file run_16.csv (CSV, C-alpha atoms and all ligand atoms)
chain,number,residue,atom,x,y,z
A,2,MET,CA,-2.8,-14.6,26.8
A,3,SER,CA,-6.4,-15.2,25.4
A,4,VAL,CA,-6.6,-17.6,22.5
A,5,GLU,CA,-9.3,-17.6,19.8
A,6,ARG,CA,-9.8,-20.2,17.1
A,7,VAL,CA,-11.0,-19.1,13.6
A,8,LYS,CA,-11.5,-20.7,10.2
A,9,VAL,CA,-10.2,-17.7,8.2
A,10,LEU,CA,-8.0,-14.9,9.5
A,11,ILE,CA,-7.5,-12.0,7.1
A,12,ILE,CA,-4.6,-9.7,7.8
A,13,GLY,CA,-5.0,-6.2,6.2
A,14,SER,CA,-7.8,-3.9,5.2
A,15,GLY,CA,-7.2,-2.7,1.7
A,16,PRO,CA,-9.1,-3.8,-1.4
A,17,ALA,CA,-7.6,-7.3,-1.2
A,18,GLY,CA,-8.4,-7.9,2.5
A,19,TYR,CA,-12.0,-6.6,2.3
A,20,THR,CA,-12.7,-8.5,-0.9
A,21,ALA,CA,-11.4,-11.7,0.7
A,22,ALA,CA,-13.7,-10.9,3.6
A,23,VAL,CA,-16.8,-10.4,1.4
A,24,TYR,CA,-16.2,-13.8,-0.3
A,25,ALA,CA,-15.3,-15.7,2.9
A,26,ALA,CA,-18.2,-14.3,4.8
A,27,ARG,CA,-20.7,-15.1,2.1
A,28,ALA,CA,-19.3,-18.7,2.1
A,29,GLY,CA,-20.2,-18.9,5.8
A,30,LEU,CA,-16.6,-19.0,7.0
A,31,GLU,CA,-17.1,-16.3,9.6
A,32,PRO,CA,-13.8,-14.5,8.8
A,33,VAL,CA,-12.0,-12.3,11.3
A,34,LEU,CA,-10.1,-9.4,9.7
A,35,TYR,CA,-7.4,-7.3,11.5
A,36,GLN,CA,-7.1,-3.9,9.9
A,37,GLY,CA,-3.4,-3.2,10.6
A,38,SER,CA,-1.7,0.1,11.0
A,39,GLN,CA,-3.4,1.9,8.1
A,40,PRO,CA,-7.1,0.9,8.2
A,41,GLY,CA,-8.4,1.0,4.6
A,42,GLY,CA,-4.8,0.8,3.2
A,43,GLN,CA,-3.2,3.0,0.6
A,44,LEU,CA,-6.4,4.2,-1.0
A,45,THR,CA,-7.2,6.1,2.2
A,46,ILE,CA,-4.3,8.5,1.2
A,47,THR,CA,-5.4,8.7,-2.5
A,48,ASN,CA,-7.6,11.4,-4.0
A,49,ASP,CA,-9.7,10.5,-7.0
A,50,VAL,CA,-9.9,6.9,-8.1
A,51,GLU,CA,-11.0,7.1,-11.8
A,52,ASN,CA,-10.0,3.6,-12.9
A,53,TYR,CA,-12.0,1.3,-10.7
A,54,PRO,CA,-14.8,-0.2,-12.8
A,55,GLY,CA,-18.3,0.5,-11.7
A,56,TYR,CA,-17.7,4.2,-10.8
A,57,PRO,CA,-18.3,6.1,-14.0
A,58,ASP,CA,-17.7,9.5,-12.3
A,59,GLY,CA,-14.8,8.3,-10.1
A,60,ILE,CA,-14.8,8.1,-6.3
A,61,ILE,CA,-12.4,9.4,-3.7
A,62,GLY,CA,-10.2,6.7,-2.1
A,63,PRO,CA,-11.3,7.0,1.5
A,64,GLN,CA,-15.0,6.8,0.6
A,65,MET,CA,-14.3,3.8,-1.5
A,66,MET,CA,-12.7,2.0,1.4
A,67,ILE,CA,-15.6,2.8,3.7
A,68,ASP,CA,-17.8,1.2,1.1
A,69,PHE,CA,-15.5,-1.9,0.9
A,70,GLN,CA,-15.6,-2.2,4.7
A,71,LYS,CA,-19.4,-1.8,4.9
A,72,GLN,CA,-19.8,-4.6,2.3
A,73,ALA,CA,-17.5,-6.9,4.3
A,74,GLU,CA,-19.5,-6.1,7.5
A,75,ARG,CA,-22.8,-6.7,5.8
A,76,PHE,CA,-22.1,-10.4,5.5
A,77,GLY,CA,-20.8,-10.8,9.0
A,78,THR,CA,-17.0,-10.3,8.9
A,79,SER,CA,-15.6,-9.5,12.3
A,80,ILE,CA,-13.5,-6.4,11.6
A,81,ARG,CA,-11.1,-5.5,14.3
A,82,SER,CA,-8.3,-2.9,14.8
A,83,GLY,CA,-5.0,-4.5,15.7
A,84,ILE,CA,-1.5,-5.2,14.3
A,85,VAL,CA,0.0,-8.6,13.9
A,86,THR,CA,3.2,-8.7,16.0
A,87,SER,CA,4.3,-12.3,15.4
A,88,VAL,CA,3.3,-15.4,13.4
A,89,ASP,CA,4.0,-19.1,13.8
A,90,PHE,CA,3.4,-21.1,10.7
A,91,SER,CA,5.1,-24.3,12.0
A,92,GLY,CA,2.0,-26.4,12.3
A,93,SER,CA,-1.8,-26.4,11.8
A,94,PRO,CA,-3.6,-24.4,13.0
A,95,HIS,CA,-1.4,-21.4,12.3
A,96,LYS,CA,-0.7,-19.1,15.2
A,97,VAL,CA,-0.9,-15.3,15.0
A,98,THR,CA,-0.3,-12.8,17.8
A,99,ILE,CA,-2.1,-9.5,17.7
A,100,ASP,CA,-0.7,-6.5,19.5
A,101,GLY,CA,1.5,-8.8,21.5
A,102,LYS,CA,-1.4,-10.0,23.6
A,103,THR,CA,-4.1,-11.8,21.7
A,104,GLU,CA,-3.4,-15.2,20.0
A,105,ILE,CA,-5.5,-16.3,17.1
A,106,GLU,CA,-5.3,-19.9,15.9
A,107,ALA,CA,-6.4,-20.0,12.3
A,108,GLU,CA,-7.1,-22.8,10.0
A,109,THR,CA,-6.3,-20.6,7.1
A,110,ILE,CA,-4.7,-17.2,6.8
A,111,ILE,CA,-5.2,-14.6,4.0
A,112,ILE,CA,-2.3,-12.1,3.9
A,113,SER,CA,-3.4,-8.8,2.5
A,114,THR,CA,-0.9,-6.5,4.2
A,115,GLY,CA,-0.2,-4.4,1.1
A,116,ALA,CA,2.7,-2.1,0.6
A,117,SER,CA,4.0,1.2,2.2
A,118,ALA,CA,5.7,4.3,0.8
A,119,LYS,CA,9.5,4.3,0.2
A,120,TRP,CA,11.7,7.1,1.4
A,121,LEU,CA,14.9,8.5,0.0
A,122,GLY,CA,16.8,7.6,3.1
A,123,LEU,CA,18.3,11.1,3.9
A,124,GLU,CA,18.8,12.0,7.5
A,125,SER,CA,17.1,15.4,7.0
A,126,GLU,CA,14.1,13.7,5.4
A,127,GLN,CA,13.6,11.5,8.4
A,128,ARG,CA,14.2,14.3,10.9
A,129,LEU,CA,11.7,16.6,9.2
A,130,ASN,CA,9.1,13.9,8.6
A,131,GLY,CA,5.7,15.4,9.6
A,132,LYS,CA,7.3,18.8,9.8
A,133,GLY,CA,7.0,19.5,6.1
A,134,VAL,CA,8.2,16.1,4.8
A,135,SER,CA,5.3,13.9,3.7
A,136,ALA,CA,4.4,10.9,1.5
A,137,CYS,CA,0.8,11.9,1.1
A,138,ALA,CA,-0.3,15.0,-0.7
A,139,VAL,CA,-4.0,14.4,0.0
A,140,CYS,CA,-3.3,14.2,3.8
A,141,ASP,CA,-0.9,17.1,4.1
A,142,GLY,CA,-1.3,19.3,1.0
A,143,PHE,CA,-3.7,21.6,2.8
A,144,PHE,CA,-0.9,22.8,5.1
A,145,PHE,CA,1.0,24.3,2.2
A,146,ARG,CA,-1.8,26.4,0.7
A,147,ASN,CA,-0.3,29.1,-1.5
A,148,GLN,CA,3.3,28.1,-0.7
A,149,ASP,CA,5.9,26.3,-2.9
A,150,VAL,CA,6.6,22.6,-2.6
A,151,VAL,CA,8.7,19.8,-4.0
A,152,VAL,CA,7.5,16.4,-5.3
A,153,VAL,CA,10.1,13.7,-5.8
A,154,GLY,CA,9.5,11.0,-8.3
A,155,ALA,CA,8.4,10.5,-11.9
A,156,GLY,CA,5.9,7.7,-11.8
A,157,ASP,CA,2.1,7.8,-11.9
A,158,ALA,CA,2.0,8.4,-8.1
A,159,ALA,CA,4.3,11.4,-8.3
A,160,ALA,CA,2.4,12.8,-11.3
A,161,GLU,CA,-0.9,12.4,-9.3
A,162,GLU,CA,0.6,14.1,-6.2
A,163,ALA,CA,2.0,17.0,-8.3
A,164,SER,CA,-1.3,17.7,-10.0
A,165,TYR,CA,-3.3,17.4,-6.8
A,166,LEU,CA,-0.9,19.8,-5.0
A,167,SER,CA,-0.9,22.2,-8.0
A,168,LYS,CA,-4.5,23.1,-7.2
A,169,ILE,CA,-3.7,24.0,-3.6
A,170,VAL,CA,-0.2,25.4,-3.5
A,171,ASN,CA,1.5,28.3,-5.3
A,172,LYS,CA,4.1,26.2,-7.2
A,173,VAL,CA,5.2,22.6,-7.5
A,174,TYR,CA,8.8,21.6,-8.4
A,175,MET,CA,8.8,18.0,-9.6
A,176,LEU,CA,12.3,16.4,-9.2
A,177,VAL,CA,12.9,13.8,-11.9
A,178,ARG,CA,16.2,11.9,-11.6
A,179,ARG,CA,16.4,10.9,-15.2
A,180,ASN,CA,15.7,12.8,-18.5
A,181,LYS,CA,12.3,11.1,-18.8
A,182,MET,CA,9.4,10.1,-16.7
A,183,ARG,CA,8.1,6.6,-15.9
A,184,ALA,CA,4.5,7.8,-15.6
A,185,SER,CA,1.9,6.9,-18.2
A,186,ASP,CA,1.5,9.3,-21.1
A,187,ILE,CA,-1.8,10.6,-19.9
A,188,MET,CA,-0.4,11.4,-16.4
A,189,GLN,CA,2.7,13.0,-18.0
A,190,GLN,CA,0.6,15.2,-20.2
A,191,ARG,CA,-1.4,16.2,-17.2
A,192,VAL,CA,1.6,17.5,-15.3
A,193,LYS,CA,3.3,19.1,-18.3
A,194,ASN,CA,0.2,21.1,-19.1
A,195,VAL,CA,-0.1,22.7,-15.6
A,196,PRO,CA,1.5,26.1,-15.5
A,197,ASN,CA,2.5,26.0,-11.9
A,198,ILE,CA,4.3,22.7,-12.1
A,199,GLU,CA,7.9,23.0,-13.1
A,200,ILE,CA,9.7,19.7,-13.9
A,201,LEU,CA,13.4,19.7,-13.0
A,202,TRP,CA,15.0,16.9,-15.1
A,203,ASN,CA,18.1,15.0,-14.0
A,204,THR,CA,17.7,16.4,-10.6
A,205,GLU,CA,18.2,14.7,-7.2
A,206,THR,CA,17.8,15.8,-3.6
A,207,LYS,CA,20.9,16.5,-1.6
A,208,GLU,CA,19.3,17.7,1.6
A,209,VAL,CA,16.0,18.9,3.1
A,210,LEU,CA,16.8,22.1,4.9
A,211,GLY,CA,15.3,23.4,8.1
A,212,ASP,CA,15.5,22.8,11.9
A,213,GLU,CA,12.0,22.7,13.2
A,214,GLU,CA,10.3,22.7,9.8
A,215,VAL,CA,11.2,22.5,6.1
A,216,ASN,CA,12.4,25.8,4.7
A,217,GLY,CA,14.2,24.8,1.6
A,218,VAL,CA,15.6,21.8,-0.4
A,219,LYS,CA,19.1,21.6,-1.8
A,220,VAL,CA,19.1,19.8,-5.1
A,221,VAL,CA,21.8,18.8,-7.6
A,222,ASN,CA,21.7,18.3,-11.4
A,223,ASN,CA,23.3,14.9,-11.8
A,224,ILE,CA,24.6,15.8,-15.3
A,225,THR,CA,26.2,19.2,-14.7
A,226,GLY,CA,26.8,18.9,-10.9
A,227,GLU,CA,25.2,22.3,-10.4
A,228,GLU,CA,23.5,22.7,-7.0
A,229,ARG,CA,20.7,25.1,-6.1
A,230,VAL,CA,18.4,25.7,-3.2
A,231,LEU,CA,14.6,25.6,-3.8
A,232,ASP,CA,12.7,27.9,-1.5
A,233,VAL,CA,9.9,25.6,-0.5
A,234,LYS,CA,8.0,24.7,2.6
A,235,GLY,CA,6.9,21.2,1.7
A,236,PHE,CA,8.7,18.1,0.5
A,237,PHE,CA,6.6,15.2,-0.9
A,238,VAL,CA,8.2,11.9,-1.6
A,239,ALA,CA,6.4,9.7,-4.2
A,240,ILE,CA,9.0,7.1,-5.3
A,241,GLY,CA,7.2,3.9,-5.0
A,242,HIS,CA,6.4,1.3,-2.3
A,243,LYS,CA,7.7,-1.7,-0.5
A,244,PRO,CA,5.6,-4.7,0.6
A,245,ASN,CA,4.6,-5.0,4.2
A,246,THR,CA,5.8,-8.5,4.6
A,247,GLU,CA,8.6,-8.2,7.2
A,248,ILE,CA,6.6,-10.1,9.8
A,249,PHE,CA,6.4,-13.2,7.6
A,250,LYS,CA,10.2,-13.4,6.8
A,251,GLY,CA,11.6,-16.8,7.6
A,252,TRP,CA,8.2,-18.5,7.0
A,253,LEU,CA,7.2,-17.5,3.5
A,254,ASP,CA,9.1,-17.6,0.3
A,255,MET,CA,9.7,-14.1,-1.0
A,256,ASP,CA,11.6,-12.4,-3.8
A,257,GLU,CA,14.6,-10.2,-3.1
A,258,GLN,CA,12.3,-7.1,-2.6
A,259,GLY,CA,10.1,-9.0,-0.1
A,260,TYR,CA,7.1,-9.7,-2.2
A,261,VAL,CA,5.5,-13.0,-1.2
A,262,LYS,CA,5.8,-15.7,-3.8
A,263,THR,CA,2.6,-17.5,-4.8
A,264,THR,CA,2.0,-20.4,-7.1
A,265,PRO,CA,1.1,-18.8,-10.5
A,266,GLY,CA,-2.6,-18.5,-11.1
A,267,THR,CA,-3.4,-19.1,-7.4
A,268,SER,CA,-2.9,-17.3,-4.0
A,269,HIS,CA,-1.1,-20.3,-2.5
A,270,THR,CA,2.2,-19.7,-0.7
A,271,ASN,CA,4.8,-22.3,0.3
A,272,ILE,CA,2.9,-22.9,3.6
A,273,SER,CA,-0.3,-25.0,3.3
A,274,GLY,CA,-3.3,-22.9,4.4
A,275,VAL,CA,-1.6,-19.5,4.1
A,276,PHE,CA,-2.6,-17.5,1.1
A,277,ALA,CA,-1.2,-14.1,-0.2
A,278,THR,CA,-3.1,-11.5,-2.0
A,279,GLY,CA,-2.9,-7.8,-3.1
A,280,ASP,CA,0.2,-5.7,-3.2
A,281,ALA,CA,2.0,-7.9,-0.6
A,282,GLN,CA,2.5,-10.4,-3.5
A,283,ASP,CA,2.1,-8.2,-6.6
A,284,LYS,CA,4.9,-5.8,-7.7
A,285,VAL,CA,3.7,-5.6,-11.3
A,286,TYR,CA,0.1,-4.4,-11.4
A,287,ARG,CA,-0.5,-2.9,-7.9
A,288,GLN,CA,-4.0,-1.6,-8.7
A,289,ALA,CA,-7.0,-1.6,-6.5
A,290,VAL,CA,-8.9,-3.7,-9.0
A,291,THR,CA,-6.2,-6.3,-9.3
A,292,ALA,CA,-5.8,-6.4,-5.5
A,293,ALA,CA,-9.5,-7.0,-5.1
A,294,GLY,CA,-9.3,-9.7,-7.7
A,295,THR,CA,-6.5,-11.5,-5.8
A,296,GLY,CA,-8.5,-11.0,-2.6
A,297,CYS,CA,-11.3,-13.0,-4.1
A,298,MET,CA,-8.8,-15.7,-5.2
A,299,GLY,CA,-7.5,-15.9,-1.6
A,300,ALA,CA,-11.0,-16.5,-0.2
A,301,LEU,CA,-11.9,-19.1,-2.8
A,302,ASP,CA,-8.6,-20.9,-2.2
A,303,ALA,CA,-9.1,-20.8,1.6
A,304,GLU,CA,-12.6,-22.1,1.2
A,305,LYS,CA,-11.5,-25.0,-1.0
A,306,TRP,CA,-8.6,-25.7,1.4
A,307,ILE,CA,-11.0,-26.0,4.4
A,308,ALA,CA,-13.5,-28.1,2.4
A,309,GLU,CA,-10.7,-30.5,1.4
A,310,LYS,CA,-9.4,-30.7,5.0
A,311,GLU,CA,-12.9,-31.6,6.2
A,312,VAL,CA,-13.2,-34.4,3.7
A,313,GLU,CA,-9.7,-35.7,4.8
A,314,LEU,CA,-10.8,-35.7,8.4
A,315,LYS,CA,-14.1,-37.4,7.7
A,316,THR,CA,-12.3,-40.1,5.6
A,317,ALA,CA,-9.7,-40.6,8.4
A,318,ALA,CA,-12.5,-40.9,11.0
A,319,GLN,CA,-14.3,-43.5,8.9
A,320,GLU,CA,-11.2,-45.6,8.5
A,321,VAL,CA,-10.6,-45.8,12.3
A,401,LIG,P1,6.8,3.6,-9.7
A,401,LIG,O1,7.7,2.5,-9.3
A,401,LIG,O2,6.0,3.5,-11.0
A,401,LIG,O3,7.7,5.0,-9.9
A,401,LIG,C1,8.6,5.3,-8.9
A,401,LIG,C2,9.3,6.6,-9.4
A,401,LIG,O4,10.1,7.1,-8.4
A,401,LIG,C3,10.2,6.4,-10.6
A,401,LIG,O5,10.0,7.5,-11.5
A,401,LIG,C4,11.6,6.4,-10.1
A,401,LIG,O6,12.5,6.9,-10.9
A,401,LIG,C5,11.4,7.3,-8.9
A,401,LIG,N1,12.4,7.0,-7.9
A,401,LIG,C6,12.7,5.8,-7.2
A,401,LIG,N2,13.6,6.0,-6.3
A,401,LIG,C7,14.1,7.3,-6.4
A,401,LIG,C8,15.0,8.0,-5.7
A,401,LIG,N3,15.8,7.4,-4.8
A,401,LIG,N4,15.2,9.3,-6.1
A,401,LIG,C9,14.4,9.9,-7.0
A,401,LIG,N5,13.5,9.2,-7.7
A,401,LIG,C10,13.3,7.9,-7.4
A,401,LIG,O7,5.9,3.9,-8.4
A,401,LIG,P2,4.5,4.7,-8.3
A,401,LIG,O8,4.3,4.7,-6.9
A,401,LIG,O9,4.5,6.0,-9.0
A,401,LIG,O10,3.5,3.7,-9.0
A,401,LIG,C11,3.4,2.4,-8.6
A,401,LIG,C12,2.3,1.7,-9.5
A,401,LIG,O11,1.0,2.2,-9.2
A,401,LIG,C13,2.5,1.9,-10.9
A,401,LIG,O12,2.1,0.7,-11.6
A,401,LIG,C14,1.6,3.0,-11.3
A,401,LIG,O13,1.1,2.9,-12.6
A,401,LIG,C15,0.4,2.7,-10.3
A,401,LIG,N6,-0.3,4.0,-10.0
A,401,LIG,C16,-1.4,4.4,-10.8
A,401,LIG,C17,-2.0,5.5,-10.6
A,401,LIG,C18,-3.2,5.9,-11.4
A,401,LIG,O14,-3.4,5.3,-12.5
A,401,LIG,N7,-4.0,6.8,-11.1
A,401,LIG,C19,-1.7,6.4,-9.5
A,401,LIG,C20,-0.5,6.0,-8.7
A,401,LIG,C21,0.1,4.8,-9.0
A,401,LIG,P3,13.0,6.1,-12.3
A,401,LIG,O15,11.9,6.2,-13.3
A,401,LIG,O16,14.3,6.8,-12.6
A,401,LIG,O17,13.3,4.7,-11.8
call {"tool": "encode", "arguments": {"input": "run_16.csv", "output": "structure tokens"}}
result
Amino acid sequence: MSVERVKVLIIGSGPAGYTAAVYAARAGLEPVLYQGSQPGGQLTITNDVENYPGYPDGIIGPQMMIDFQKQAERFGTSIRSGIVTSVDFSGSPHKVTIDGKTEIEAETIIISTGASAKWLGLESEQRLNGKGVSACAVCDGFFFRNQDVVVVGAGDAAAEEASYLSKIVNKVYMLVRRNKMRASDIMQQRVKNVPNIEILWNTETKEVLGDEEVNGVKVVNNITGEERVLDVKGFFVAIGHKPNTEIFKGWLDMDEQGYVKTTPGTSHTNISGVFATGDAQDKVYRQAVTAAGTGCMGALDAEKWIAEKEVELKTAAQEV
């Protein structure tokens, strides 16, 4: 197995990872960044981003991530495709294996692995994934042009997916499991004002119907118990996310949902030299701009950590 030694290893390529890369590269730390399984992260499956400061007219998510990447590359970040398959944080340097075959020894590690879409957990949802079941309207909405679809969820993401789809498809049924939505007022108003979005309150999914492709969804009203079949071809799930931190279990302190714990006001984890940024450690704000902010913190913390280690080594050498 080939071994490479680096000062800063960044894992993940969303706003947190690329921002960490910009800062670490400008500090002369020659960071190496592995992009992971979804290069560009969650914003690559988002449509318009209207709330990132500096873009008065908004920007589409994939373009924004291309810009982030270019900025990180401009200052010399080595950006590579590859997935972390194991880590060993038992000593210094930390050891990380990429794709089971490349070992990186890193003085510091910045974790920016983000979060992934959650699923309902139905057998039929899993079986028909990619055959009408999706967690990304921007990726797959096109396939349901002029047809009817379901969106499950009642947060901002579900509202955004529903309004995006309403412009492409014939009709959107939005399944809301309670009698109110979690989405912000502005997003709620947006979906409520669209004539081809019908919100089904207190409604849950029993089964996604179809053998080779989705051809209906059986739903139930959880107050009345009444069941009905919606004649739809697409089933979009937008019920939140879980952090991509599985690989660090056993090494890093995490909360019960798997979000990495950091020392408040910093990106420090319980392991010296390992820093956590972005959605992997943030279940509250989860915004591109907050992820970018914590990416900056990760790079500054790593830079300081390296500088302090160098002073320690120099002092120890002088004492000998
Ligand atoms: P949220 O956690 O905010 O919402 C998840 C939604 O899914 C809730 O309405 C929840 O219902 C519902 N849900 C969860 N599990 C199930 C289930 N098993 N069956 C049916 N419904 C279920 O996640 P989002 O992904 O929407 O948003 C995450 C964060 O990202 C938020 O902070 C949000 O504001 C932000 N965001 C902002 C956007 C923007 O500003 N443009 C766009 C997208 C996201 P219940 O309410 O009953 O718990």
call {"tool": "atom_distance", "arguments": {"input": "run_16.csv", "atom1": "atom CA of Ala292 of chain A", "atom2": "atom CA of Ile111 of chain A"}}
result
12.6 Å
call {"tool": "closest_residue", "arguments": {"input": "run_16.csv", "among": "A:Thr316, A:Lys119, A:Trp202, A:Ile224", "to": "His242 of chain A", "atoms": "all atoms listed in the file"}}
result
A:Lys119
call {"tool": "atom_distance", "arguments": {"input": "run_16.csv", "atom1": "atom CA of Tyr174 of chain A", "atom2": "atom CA of Asn197 of chain A"}}
result
8.4 Å
call {"tool": "closest_atom_pairs", "arguments": {"input": "run_16.csv", "of": "chain A", "to": "ligand LIG 401 (chain A)", "cutoff": "8 Å", "atoms": "only C-alpha atoms and all ligand atoms", "output": "CSV"}}
result
residue,atom,partner,partner_atom,distance
A:Asp49,CA,A:LIG401,N7,7.9
A:Val50,CA,A:LIG401,N7,6.6
A:Glu51,CA,A:LIG401,N7,7.0
A:Asn52,CA,A:LIG401,O14,6.8
A:Ala118,CA,A:LIG401,O8,7.8
A:Lys119,CA,A:LIG401,N2,7.9
A:Trp120,CA,A:LIG401,N3,7.4
A:Leu121,CA,A:LIG401,N3,5.0
A:Gly122,CA,A:LIG401,N3,8.0
A:Val153,CA,A:LIG401,C9,5.9
A:Gly154,CA,A:LIG401,O4,3.9
A:Ala155,CA,A:LIG401,O5,3.4
A:Gly156,CA,A:LIG401,O9,3.6
A:Asp157,CA,A:LIG401,O9,4.2
A:Ala158,CA,A:LIG401,C20,3.5
A:Ala159,CA,A:LIG401,O9,5.4
A:Ala160,CA,A:LIG401,O9,7.5
A:Glu161,CA,A:LIG401,C19,6.1
A:Leu176,CA,A:LIG401,C9,7.2
A:Val177,CA,A:LIG401,N5,6.3
A:Arg178,CA,A:LIG401,C9,5.3
A:Arg179,CA,A:LIG401,O16,5.3
A:Lys181,CA,A:LIG401,O15,7.4
A:Met182,CA,A:LIG401,O15,5.7
A:Arg183,CA,A:LIG401,O15,4.6
A:Ala184,CA,A:LIG401,O2,6.5
A:Ser185,CA,A:LIG401,O13,6.9
A:Met188,CA,A:LIG401,O14,7.8
A:Glu205,CA,A:LIG401,C9,6.1
A:Thr206,CA,A:LIG401,N4,7.4
A:Ala239,CA,A:LIG401,O8,6.1
A:Ile240,CA,A:LIG401,O4,3.3
A:Gly241,CA,A:LIG401,O8,3.6
A:His242,CA,A:LIG401,O8,6.1
A:Val285,CA,A:LIG401,O12,6.5
A:Tyr286,CA,A:LIG401,O12,5.5
A:Arg287,CA,A:LIG401,O11,5.5
A:Gln288,CA,A:LIG401,O11,6.3
call {"tool": "closest_residue", "arguments": {"input": "run_16.csv", "among": "A:Glu74, A:Glu106, A:Ser113, A:Gly92", "to": "Gln36 of chain A", "atoms": "all atoms listed in the file"}}
result
A:Ser113
call {"tool": "atom_distance", "arguments": {"input": "run_16.csv", "atom1": "atom CA of Gln127 of chain A", "atom2": "atom CA of Gly142 of chain A"}}
result
18.4 Å
call {"tool": "closest_residue", "arguments": {"input": "run_16.csv", "among": "A:Tyr19, A:Phe236, A:Tyr53, A:Phe69", "to": "Ser125 of chain A", "atoms": "all atoms listed in the file"}}
result
A:Phe236
call {"tool": "closest_residue", "arguments": {"input": "run_16.csv", "among": "A:Leu301, A:Met65, A:Ala293, A:Ile110", "to": "Ser273 of chain A", "atoms": "only C-alpha atoms"}}
result
A:Ile110
call {"tool": "residues_near_point", "arguments": {"input": "run_16.csv", "point": "(19.7, 18.2, -6.4)", "cutoff": "7 Å", "atoms": "only C-alpha atoms", "output": "list in words"}}
result
Thr204, Glu205, Thr206, Lys207, Lys219, Val220, Val221, Asn222, Glu228 and Arg229 of chain A
call {"tool": "closest_residue", "arguments": {"input": "run_16.csv", "among": "A:Val321, A:Val261, A:Ile12, A:Ile272", "to": "Lys243 of chain A", "atoms": "all atoms listed in the file"}}
result
A:Val261
call {"tool": "residues_near_point", "arguments": {"input": "run_16.csv", "point": "(-12.2, 10.3, -3.3)", "cutoff": "8 Å", "atoms": "all atoms listed in the file", "output": "number ranges by chain"}}
result
A: 47-50, 59-65
call {"tool": "closest_residue", "arguments": {"input": "run_16.csv", "among": "A:Glu311, A:Asp302, A:Val195, A:Ser38", "to": "Gly115 of chain A", "atoms": "all atoms listed in the file"}}
result
A:Ser38
call {"tool": "residues_around", "arguments": {"input": "run_16.csv", "residues": "Glu126 of chain A", "least_positions_apart": "3", "cutoff": "10 Å", "atoms": "only C-alpha atoms", "output": "JSON, numbers by chain"}}
result
{"A": [120, 121, 122, 123, 129, 130, 131, 132, 133, 134, 135, 206, 208, 209, 210, 215, 236, 237, 238]}
call {"tool": "build_atoms", "arguments": {"input": "run_16.csv", "residues": "segment 127-139 of chain A", "atoms": "N, CA and C atoms", "output": "compact mmCIF listing (two decimals), keeping the file's coordinate frame"}}
result
# COMPACT_ATOMS: atom_id res chain seq x y z
N GLN A 127 14.19 12.23 7.25
CA GLN A 127 13.60 11.50 8.40
C GLN A 127 13.37 12.49 9.55
N ARG A 128 14.34 13.39 9.78
CA ARG A 128 14.20 14.30 10.90
C ARG A 128 13.03 15.27 10.72
N LEU A 129 12.74 15.64 9.48
CA LEU A 129 11.70 16.60 9.20
C LEU A 129 10.36 15.95 8.80
N ASN A 130 10.30 14.62 8.99
CA ASN A 130 9.10 13.90 8.60
C ASN A 130 7.93 14.42 9.52
N GLY A 131 6.83 14.80 8.87
CA GLY A 131 5.70 15.40 9.60
C GLY A 131 5.87 16.84 9.91
N LYS A 132 7.03 17.39 9.55
CA LYS A 132 7.30 18.80 9.80
C LYS A 132 7.52 19.49 8.41
N GLY A 133 6.84 18.99 7.42
CA GLY A 133 7.00 19.50 6.10
C GLY A 133 7.37 18.40 5.09
N VAL A 134 7.87 17.28 5.62
CA VAL A 134 8.20 16.10 4.80
C VAL A 134 6.97 15.16 4.87
N SER A 135 6.50 14.71 3.71
CA SER A 135 5.30 13.90 3.70
C SER A 135 5.37 12.90 2.52
N ALA A 136 4.58 11.81 2.62
CA ALA A 136 4.40 10.90 1.50
C ALA A 136 2.98 10.90 1.02
N CYS A 137 2.23 11.92 1.43
CA CYS A 137 0.80 11.90 1.10
C CYS A 137 0.28 13.32 0.89
N ALA A 138 0.15 13.69 -0.37
CA ALA A 138 -0.30 15.00 -0.70
C ALA A 138 -1.77 15.25 -0.23
N VAL A 139 -2.57 14.21 -0.36
CA VAL A 139 -4.00 14.40 0.00
C VAL A 139 -4.09 14.62 1.53
